[in-house]
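Below: the structure, in structure tokens.
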Amino acid sequence: MAPSKPTASMPAAALPAGAAVLGTVAIVSAYLFAVLRGDQKSGLTNLPDITHCVLKQPERGLFLTLFMPACVLQAGSWLVGSWSQSPKAAIFGCSACLLLVVGEAALDAKPNWTVHTIGATGFFLLSMVAQVMRASVNPRPHDTGKRAIASVNVGLVALDGVLALLKAPAWTANLIEWTLSFTVVVYHATFAADLKGARVALLLPDPAAVAPRAEAMLPEKC
């Protein structure tokens, strides 16, 4: 078969923008469904872990349908938005997304909490590393937002550790998790601004090479 070649393209900013929108809708809708159905209580001091909002259907199905594509788009966002500035940051960012996909895939009728915890925790830690690397290497004036968000996120992770040592109420750790989730979304929104006007080539097979093979698979006419 002839090698694939770029025959179409899409706005590069669609990757981070799509990740941000899908991720936000997935998380917020899961919480609203869980509260409205009585699976979780409303209120700050009753704030649950995000995962506990999606332990039942239809919340889990809706969440995974939206969140899995968001993770893939987020990985694409790291590749397109960071590779030219910091390949290592892009690798850490994509690795974080892979861990999150694995962790969320463990949320079936009988969740594997070990796999989920490793995946979710690994996502946040690697994301923080990637954000700091991307914001600190060859800093540019319009990267101020990235540096600010990365600094806030590192502070939140440190605060979470301190609260755990102090045995603070569970809702405080959950609040930090929610906050980190939304700051990650905001961080990716900065990639959309960076990539405004840029396009990503889509590699598609050459129709002239595919058509003969497809026709050969059709049954012969009698």
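Here's how to read the names in the structure tokens: chain A, B, ... by the order shown, residue numbers from 1 in each chain, ligand numbers from 1 in the order shown.
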
Exercise. So which residues of stretch 2-219 of chain A fall under strand (DSSP E) by DSSP, listed as a list in words?
Worked result: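 Everything in stretch 2-219 of chain A that counts as strand (DSSP E) is Lys5, Pro6, Thr7, Ala8, Ser9, Met10, Pro11, Arg199, Val200, Ala201, Leu202, Leu203 and Leu204 of chain A.
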
For this session: List the neighbours of A:Val35 out to 12 Å using only C-alpha atoms; skip same-chain residues closer than 3 positions along the sequence, and give me the result as a count of residues only.
Result: 19

Exercise. Which one of A:Val186, A:Met128, A:Gly61, A:Met133 sits closest to A:Gly155 if you count only C-alpha atoms?
Worked result: A:Met128

For this session: Could you please write out, as a VMD selection string, every residue of stretch 38-112 of chain A that DSSP assigns to alpha helix (DSSP H)?
Result: chain A and resid 59 to 82 87 to 105

For this session: Tell me which of A:Thr190, A:Thr179, A:Ser84, A:Ser95 sits closest to A:Ala13, counting only C-alpha atoms.
Result: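 Distance minimum relative to A:Ala13 lands on A:Thr190.
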
Exercise. Pick the closest to A:Ala89 from A:Lys110, A:Arg134, A:His188, A:Arg60: which is it, counting only C-alpha atoms?
Worked result: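 Among the listed residues, the smallest separation from A:Ala89 belongs to A:Arg134.
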
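With distances taken over only C-alpha atoms, A:Ala130 is the one residue among A:Trp171, A:Val25, A:Gly18, A:Ala130 lying closest to A:Gln85.
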
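Near A:Thr45, within a cut-off of 10 Å and counting only C-alpha atoms, sit the residues A:Lys41, A:Pro169, A:Ala170, A:Trp171, A:Thr172, A:Asn174, A:Leu175, with same-chain residues fewer than 4 positions away left out.
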
Exercise. A:Thr144: which residues within 12 Å, counting only C-alpha atoms, same-chain residues fewer than 5 positions away excluded, as a list in words?
Worked result: Val132, Arg134, Ala135, Ser136, Asn138, Pro139, Ile149, Ala150, Ser151, Tyr187 and Thr190 of chain A

May I have the selected residues written with C-alpha atoms, as a tab-separated table (two decimals), in the first residue's frame?
```tsv
chain	number	residue	atom	x	y	z
A	132	VAL	CA	6.15	22.94	35.49
A	134	ARG	CA	6.49	23.39	30.01
A	135	ALA	CA	6.12	26.66	31.89
A	136	SER	CA	9.75	26.94	32.94
A	138	ASN	CA	12.45	28.91	27.51
A	139	PRO	CA	9.73	31.06	29.15
A	149	ILE	CA	-1.47	27.89	36.95
A	150	ALA	CA	1.46	25.48	37.37
A	151	SER	CA	2.49	27.29	40.57
A	187	TYR	CA	-4.17	25.08	31.75
A	190	THR	CA	-4.00	28.26	27.33
```

Any idea what's packed within 10 Å of stretch 75-79 of chain A, counting only C-alpha atoms, ignoring anything in its chain fewer than 5 positions away? Could you give it as a CSV table (one decimal) with N, CA and C atoms, in the first residue's frame?
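Everything below was put into part07.csv:
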```csv
chain,number,residue,atom,x,y,z
A,12,ALA,N,-5.8,23.2,15.1
A,12,ALA,CA,-5.0,22.7,16.2
A,12,ALA,C,-5.6,23.0,17.6
A,13,ALA,N,-6.2,24.2,17.7
A,13,ALA,CA,-6.8,24.6,18.9
A,13,ALA,C,-8.0,23.8,19.3
A,14,ALA,N,-8.6,23.0,18.4
A,14,ALA,CA,-9.7,22.1,18.7
A,14,ALA,C,-9.3,21.0,19.6
A,15,LEU,N,-8.0,20.6,19.7
A,15,LEU,CA,-7.6,19.6,20.6
A,15,LEU,C,-7.7,20.0,22.1
A,16,PRO,N,-7.1,21.1,22.5
A,16,PRO,CA,-7.2,21.6,23.9
A,16,PRO,C,-8.6,22.1,24.2
A,17,ALA,N,-9.3,22.7,23.2
A,17,ALA,CA,-10.6,23.2,23.5
A,17,ALA,C,-11.6,22.1,23.7
A,18,GLY,N,-11.5,21.0,22.8
A,18,GLY,CA,-12.3,19.8,23.0
A,18,GLY,C,-12.1,19.1,24.3
A,19,ALA,N,-10.8,19.0,24.7
A,19,ALA,CA,-10.5,18.4,25.9
A,19,ALA,C,-11.1,19.1,27.1
A,69,PRO,N,-12.8,10.4,25.6
A,69,PRO,CA,-12.3,11.2,24.5
A,69,PRO,C,-11.6,12.5,25.0
A,70,ALA,N,-12.0,13.0,26.1
A,70,ALA,CA,-11.4,14.2,26.7
A,70,ALA,C,-9.9,13.9,27.0
A,84,SER,N,7.2,21.3,20.5
A,84,SER,CA,8.2,22.2,19.9
A,84,SER,C,8.9,23.0,21.0
A,86,SER,N,9.0,21.9,24.6
A,86,SER,CA,9.5,21.0,25.6
A,86,SER,C,9.0,19.6,25.3
A,87,PRO,N,9.8,18.8,24.5
A,87,PRO,CA,9.4,17.4,24.3
A,87,PRO,C,9.2,16.6,25.5
A,89,ALA,N,8.2,17.6,28.5
A,89,ALA,CA,6.9,18.0,29.1
A,89,ALA,C,5.8,17.3,28.3
A,90,ALA,N,5.9,17.2,27.0
A,90,ALA,CA,4.8,16.6,26.2
A,90,ALA,C,4.7,15.1,26.5
A,91,ILE,N,5.9,14.4,26.7
A,91,ILE,CA,5.9,13.0,27.1
A,91,ILE,C,5.3,12.8,28.4
A,92,PHE,N,5.7,13.6,29.4
A,92,PHE,CA,5.1,13.5,30.7
A,92,PHE,C,3.6,13.7,30.7
A,93,GLY,N,3.1,14.7,29.9
A,93,GLY,CA,1.7,15.0,29.8
A,93,GLY,C,0.9,13.9,29.2
A,94,CYS,N,1.5,13.3,28.1
A,94,CYS,CA,0.8,12.2,27.5
A,94,CYS,C,0.8,11.0,28.4
A,95,SER,N,1.8,10.7,29.1
A,95,SER,CA,1.9,9.6,30.1
A,95,SER,C,0.8,9.8,31.1
A,96,ALA,N,0.6,11.1,31.6
A,96,ALA,CA,-0.4,11.3,32.6
A,96,ALA,C,-1.8,11.0,32.1
A,97,CYS,N,-2.0,11.3,30.8
A,97,CYS,CA,-3.3,11.0,30.2
A,97,CYS,C,-3.5,9.5,30.1
A,98,LEU,N,-2.5,8.8,29.7
A,98,LEU,CA,-2.6,7.3,29.6
A,98,LEU,C,-2.9,6.7,31.0
A,130,ALA,N,4.7,17.9,34.1
A,130,ALA,CA,4.6,18.4,32.8
A,130,ALA,C,4.4,19.9,32.7
A,131,GLN,N,3.4,20.3,33.5
A,131,GLN,CA,3.1,21.8,33.6
A,131,GLN,C,4.3,22.6,34.0
A,134,ARG,N,6.9,22.6,31.2
A,134,ARG,CA,6.5,23.4,30.0
A,134,ARG,C,6.5,24.9,30.3
A,188,HIS,N,-5.1,23.7,29.9
A,188,HIS,CA,-5.2,23.3,28.5
A,188,HIS,C,-5.9,24.4,27.7
A,189,ALA,N,-6.7,25.2,28.3
A,189,ALA,CA,-7.3,26.3,27.5
A,189,ALA,C,-6.2,27.3,27.1
A,191,PHE,N,-3.4,26.4,25.9
A,191,PHE,CA,-2.9,25.8,24.6
A,191,PHE,C,-3.7,26.3,23.5
A,192,ALA,N,-5.0,26.3,23.7
A,192,ALA,CA,-5.9,26.8,22.6
A,192,ALA,C,-5.6,28.2,22.1
A,195,LEU,N,-2.3,28.0,20.0
A,195,LEU,CA,-2.5,27.4,18.7
A,195,LEU,C,-3.5,28.0,17.8
```

For this session: With a distance cut-off of 8 Å and only C-alpha atoms, select the neighbouring residues of A:Gly122, excluding the residue or stretch itself and same-chain residues fewer than 2 positions from it, and output the selection as a count of residues only.
Result: 9

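With only C-alpha atoms as the atoms that count, the minimum distance from A:Gly145 to the choices A:Lys167, A:Phe182, A:Ala193, A:Asn112 is reached by A:Ala193.
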